[in-house]
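Read the structure below first, then the notes.
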Amino acid sequence: MSRIVYVNGEYLPEGDAKVSIFDRGFVMADGVYEVVSVLDGKLIDFPGHQARLNRSLDALEIGQPMTDDAYLEMFRALVEKNRINDGLIYLQVTRGNPGDRDFAYPPKDTPQTVVAFTQSKPGLAENPAVKTGWRVITLPDQRWDRRDIKTVQLLYPSMAKMAAKAQGADDAWLVEDGKVTEGTSNNAYIVKGNSIVTRELSNDILHGITRAAVLRLAREAQLQVEERGFTPEEAAQADEAFVTSASAFVMPVVEIDGAKIGSGAPGKIAERLREIYLDEMRKTAL
Ligand code: PDD
């Protein structure tokens, strides 16, 4: 089915949407993005994603093309025009089209390129993988060191995902200086007893919007949260593990580099956090 997508102020059938070959996003990966999930036709944690988009734009000195309200209106229009019940919205903002290729940034008044589209995913919150959990492998983290900025340079995460698939795994956990940073497109956690361990916020990881909500809800549920790095060996010895992201929510991880984590089945704390998270997010969806 042809989607209606958003390009620079216009809603168009996907086949008619066009961006210049000189766009900085295309030739320089000079752009940022957000992925927001939609459940029951409503946007999950929109303010969190909005705030991070603004942080990413500021960090790269890309101008702000739209107001917060305009993004919300546009996201809602896309949900409606494409009759999305469950799914995702992808938004990308680039430094725009300078009319040629050049390493130097174009003049500040060059209009940014704004593109957004929906992905329909019926039953997004009832993903059957939650029952079995993911298997992960570890790989060196070879990304740049500003992973806190959500840029569109996703080649290494794609390569890591493909390497995981080639080994029959679902994802890769990236490792730097002996400690796990995060998954290819998610934040990584282990559970030991009543304590949840996940790497602290820094430039080394993306500051996950799901992470922020899940840690807040975990603390409210009297679980202990330790924000520190952990090794793959510690993960293999943990009681449970899981990842979080806007598209996977809370997804149990049951194996790391072929070693079972805990019983090798999804853990109780991951299961509970997923329930609490989805419950809360449905209540606050816009
Ligand atoms: N990825 N870490 C990385 C490297 C990510 O790409 C993502 C999200 C996350 C989780 O962030 P959040 O909870 O805000 O979704 C962590 C999105 C979903 C993607 O690229 O599709």
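By order of appearance in the structure tokens: chains A, B, ..., then residues from 1 within every chain, and ligands from 1 in the order shown.
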task: Select the residues contacting ligand 1 at a distance of at most 10 Å, based on only C-alpha atoms and all ligand atoms, then format the selection as a VMD selection string.
output: chain A and resid 33 to 37 45 48 to 49 52 88 to 90 143 147 to 152 154 157 to 158 174 181 to 188 204 to 214 243 to 250
field: Residues near segment 270-284 of chain A, cut-off 8 Å, only C-alpha atoms, skip fewer than 3 positions along chain, as a ChimeraX atom specification
entry: /A:39,44-45,125,213-214,217-218,240-242,249-252,266-267
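Nearest-residue note for Asp40 of chain A: choosing from A:Lys161, A:Arg219, A:Asn127, A:Ala285, the minimum distance belongs to A:Ala285, counting only C-alpha atoms.
Nearest to Thr132 of chain A of all the residues A:Ile269, A:Met159, A:Val253, A:Ile261 is A:Val253, counting only C-alpha atoms.
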Surrounding residues of Asp239 of chain A excluding itself and chain neighbours under 3 positions, 8 Å, only C-alpha atoms, as a list in words: Ile190, Val191, Lys192, Gly193, Ile261, Gly262, Ser263 and Gly267 of chain A
The selected residues should be written to file as a tab-separated table (two decimals), in the first residue's frame (atoms: all heavy atoms).
```tsv
chain	number	residue	atom	x	y	z
A	190	ILE	N	21.44	-5.70	32.52
A	190	ILE	CA	21.43	-7.01	33.17
A	190	ILE	C	20.73	-6.86	34.52
A	190	ILE	O	20.61	-5.75	35.05
A	190	ILE	CB	22.85	-7.61	33.35
A	190	ILE	CG1	23.76	-6.66	34.12
A	190	ILE	CG2	23.45	-7.97	32.00
A	190	ILE	CD1	25.11	-7.27	34.50
A	191	VAL	N	20.28	-7.97	35.04
A	191	VAL	CA	19.61	-7.98	36.35
A	191	VAL	C	20.31	-8.99	37.23
A	191	VAL	O	20.57	-10.13	36.80
A	191	VAL	CB	18.12	-8.40	36.21
A	191	VAL	CG1	17.42	-8.39	37.56
A	191	VAL	CG2	17.39	-7.50	35.21
A	192	LYS	N	20.65	-8.53	38.45
A	192	LYS	CA	21.25	-9.45	39.42
A	192	LYS	C	20.45	-9.25	40.72
A	192	LYS	O	20.44	-8.15	41.27
A	192	LYS	CB	22.72	-9.09	39.60
A	192	LYS	CG	23.53	-10.14	40.31
A	192	LYS	CD	23.93	-11.27	39.36
A	192	LYS	CE	24.65	-12.37	40.15
A	192	LYS	NZ	24.77	-13.64	39.46
A	193	GLY	N	19.76	-10.28	41.15
A	193	GLY	CA	18.90	-10.15	42.33
A	193	GLY	C	17.83	-9.11	42.05
A	193	GLY	O	17.10	-9.20	41.07
A	261	ILE	N	21.68	-17.00	29.77
A	261	ILE	CA	21.60	-16.04	30.89
A	261	ILE	C	20.50	-16.53	31.83
A	261	ILE	O	19.37	-16.76	31.39
A	261	ILE	CB	21.30	-14.62	30.38
A	261	ILE	CG1	22.42	-14.16	29.43
A	261	ILE	CG2	21.13	-13.64	31.55
A	261	ILE	CD1	22.18	-12.83	28.75
A	262	GLY	N	20.85	-16.72	33.10
A	262	GLY	CA	19.87	-17.26	34.07
A	262	GLY	C	19.42	-18.63	33.61
A	262	GLY	O	20.23	-19.48	33.23
A	263	SER	N	18.09	-18.81	33.57
A	263	SER	CA	17.55	-20.11	33.17
A	263	SER	C	17.53	-20.27	31.65
A	263	SER	O	17.17	-21.33	31.13
A	263	SER	CB	16.12	-20.24	33.70
A	263	SER	OG	15.32	-19.25	33.05
A	267	GLY	N	13.18	-13.30	31.81
A	267	GLY	CA	13.14	-13.16	33.27
A	267	GLY	C	11.90	-12.42	33.76
A	267	GLY	O	11.26	-11.69	33.01
```
message: Using DSSP assignments from the backbone, pull out every residue in segment 62-262 of chain A that falls under helix (DSSP H, G or I) and give it to me as an MDAnalysis selection string.
response: chainID A and resid 68:81 124:126 129:132 155:166 209:220 232:236
- line: Counting only C-alpha atoms, closest pick from A:Phe117, A:Pro106, A:Pro47, A:Leu223 relative to Ile4 of chain A is A:Phe117
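Residues lying within 7 Å of segment 136-140 of chain A, counting only C-alpha atoms and ignoring same-chain neighbours fewer than 5 positions away, are Ala164, Ala169, Asp170, Asp171, Ala172, Trp173, Leu174, Val175, Glu176, Glu255, Ile256 and Asp257 of chain A.
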Create the file for the chosen residues now, containing N, CA, C and O atoms and written as a PDB file, in the first residue's frame.
```pdb
ATOM      1  N   ALA A 164      25.357 -10.407  13.599  1.00  0.00           N
ATOM      2  CA  ALA A 164      24.560 -11.154  14.573  1.00  0.00           C
ATOM      3  C   ALA A 164      23.658 -12.149  13.854  1.00  0.00           C
ATOM      4  O   ALA A 164      23.602 -13.332  14.196  1.00  0.00           O
ATOM      5  N   ALA A 169      21.914 -15.085  15.692  1.00  0.00           N
ATOM      6  CA  ALA A 169      21.497 -14.302  16.866  1.00  0.00           C
ATOM      7  C   ALA A 169      20.554 -13.185  16.419  1.00  0.00           C
ATOM      8  O   ALA A 169      20.368 -12.942  15.224  1.00  0.00           O
ATOM      9  N   ASP A 170      19.958 -12.510  17.397  1.00  0.00           N
ATOM     10  CA  ASP A 170      18.987 -11.463  17.092  1.00  0.00           C
ATOM     11  C   ASP A 170      19.605 -10.077  17.062  1.00  0.00           C
ATOM     12  O   ASP A 170      19.084  -9.170  16.427  1.00  0.00           O
ATOM     13  N   ASP A 171      20.686  -9.892  17.831  1.00  0.00           N
ATOM     14  CA  ASP A 171      21.292  -8.561  17.886  1.00  0.00           C
ATOM     15  C   ASP A 171      22.718  -8.689  18.409  1.00  0.00           C
ATOM     16  O   ASP A 171      23.128  -9.768  18.865  1.00  0.00           O
ATOM     17  N   ALA A 172      23.443  -7.571  18.358  1.00  0.00           N
ATOM     18  CA  ALA A 172      24.796  -7.541  18.915  1.00  0.00           C
ATOM     19  C   ALA A 172      24.850  -6.519  20.040  1.00  0.00           C
ATOM     20  O   ALA A 172      24.235  -5.449  19.942  1.00  0.00           O
ATOM     21  N   TRP A 173      25.562  -6.854  21.115  1.00  0.00           N
ATOM     22  CA  TRP A 173      25.896  -5.894  22.163  1.00  0.00           C
ATOM     23  C   TRP A 173      27.314  -5.426  21.865  1.00  0.00           C
ATOM     24  O   TRP A 173      28.213  -6.250  21.644  1.00  0.00           O
ATOM     25  N   LEU A 174      27.499  -4.130  21.839  1.00  0.00           N
ATOM     26  CA  LEU A 174      28.781  -3.550  21.458  1.00  0.00           C
ATOM     27  C   LEU A 174      29.625  -3.329  22.707  1.00  0.00           C
ATOM     28  O   LEU A 174      29.109  -2.936  23.758  1.00  0.00           O
ATOM     29  N   VAL A 175      30.921  -3.620  22.565  1.00  0.00           N
ATOM     30  CA  VAL A 175      31.811  -3.623  23.731  1.00  0.00           C
ATOM     31  C   VAL A 175      32.984  -2.691  23.495  1.00  0.00           C
ATOM     32  O   VAL A 175      33.611  -2.723  22.429  1.00  0.00           O
ATOM     33  N   GLU A 176      33.263  -1.844  24.498  1.00  0.00           N
ATOM     34  CA  GLU A 176      34.396  -0.932  24.425  1.00  0.00           C
ATOM     35  C   GLU A 176      35.152  -0.993  25.746  1.00  0.00           C
ATOM     36  O   GLU A 176      34.517  -0.915  26.811  1.00  0.00           O
ATOM     37  N   GLU A 255      20.435 -15.032  25.949  1.00  0.00           N
ATOM     38  CA  GLU A 255      21.706 -15.681  25.628  1.00  0.00           C
ATOM     39  C   GLU A 255      22.715 -14.641  25.174  1.00  0.00           C
ATOM     40  O   GLU A 255      22.354 -13.703  24.466  1.00  0.00           O
ATOM     41  N   ILE A 256      23.962 -14.806  25.620  1.00  0.00           N
ATOM     42  CA  ILE A 256      25.021 -13.899  25.154  1.00  0.00           C
ATOM     43  C   ILE A 256      26.217 -14.731  24.705  1.00  0.00           C
ATOM     44  O   ILE A 256      26.706 -15.569  25.471  1.00  0.00           O
ATOM     45  N   ASP A 257      26.641 -14.572  23.492  1.00  0.00           N
ATOM     46  CA  ASP A 257      27.745 -15.338  22.908  1.00  0.00           C
ATOM     47  C   ASP A 257      27.580 -16.846  23.165  1.00  0.00           C
ATOM     48  O   ASP A 257      28.540 -17.532  23.538  1.00  0.00           O
TER      49      ASP A 257
END
```
Test item, strand (DSSP E) assignment across segment 83-220 of chain A, answer as a PyMOL selection string: chain A and resi 87-94+113-120+134-140+171-176+179-183+187-192+195-198
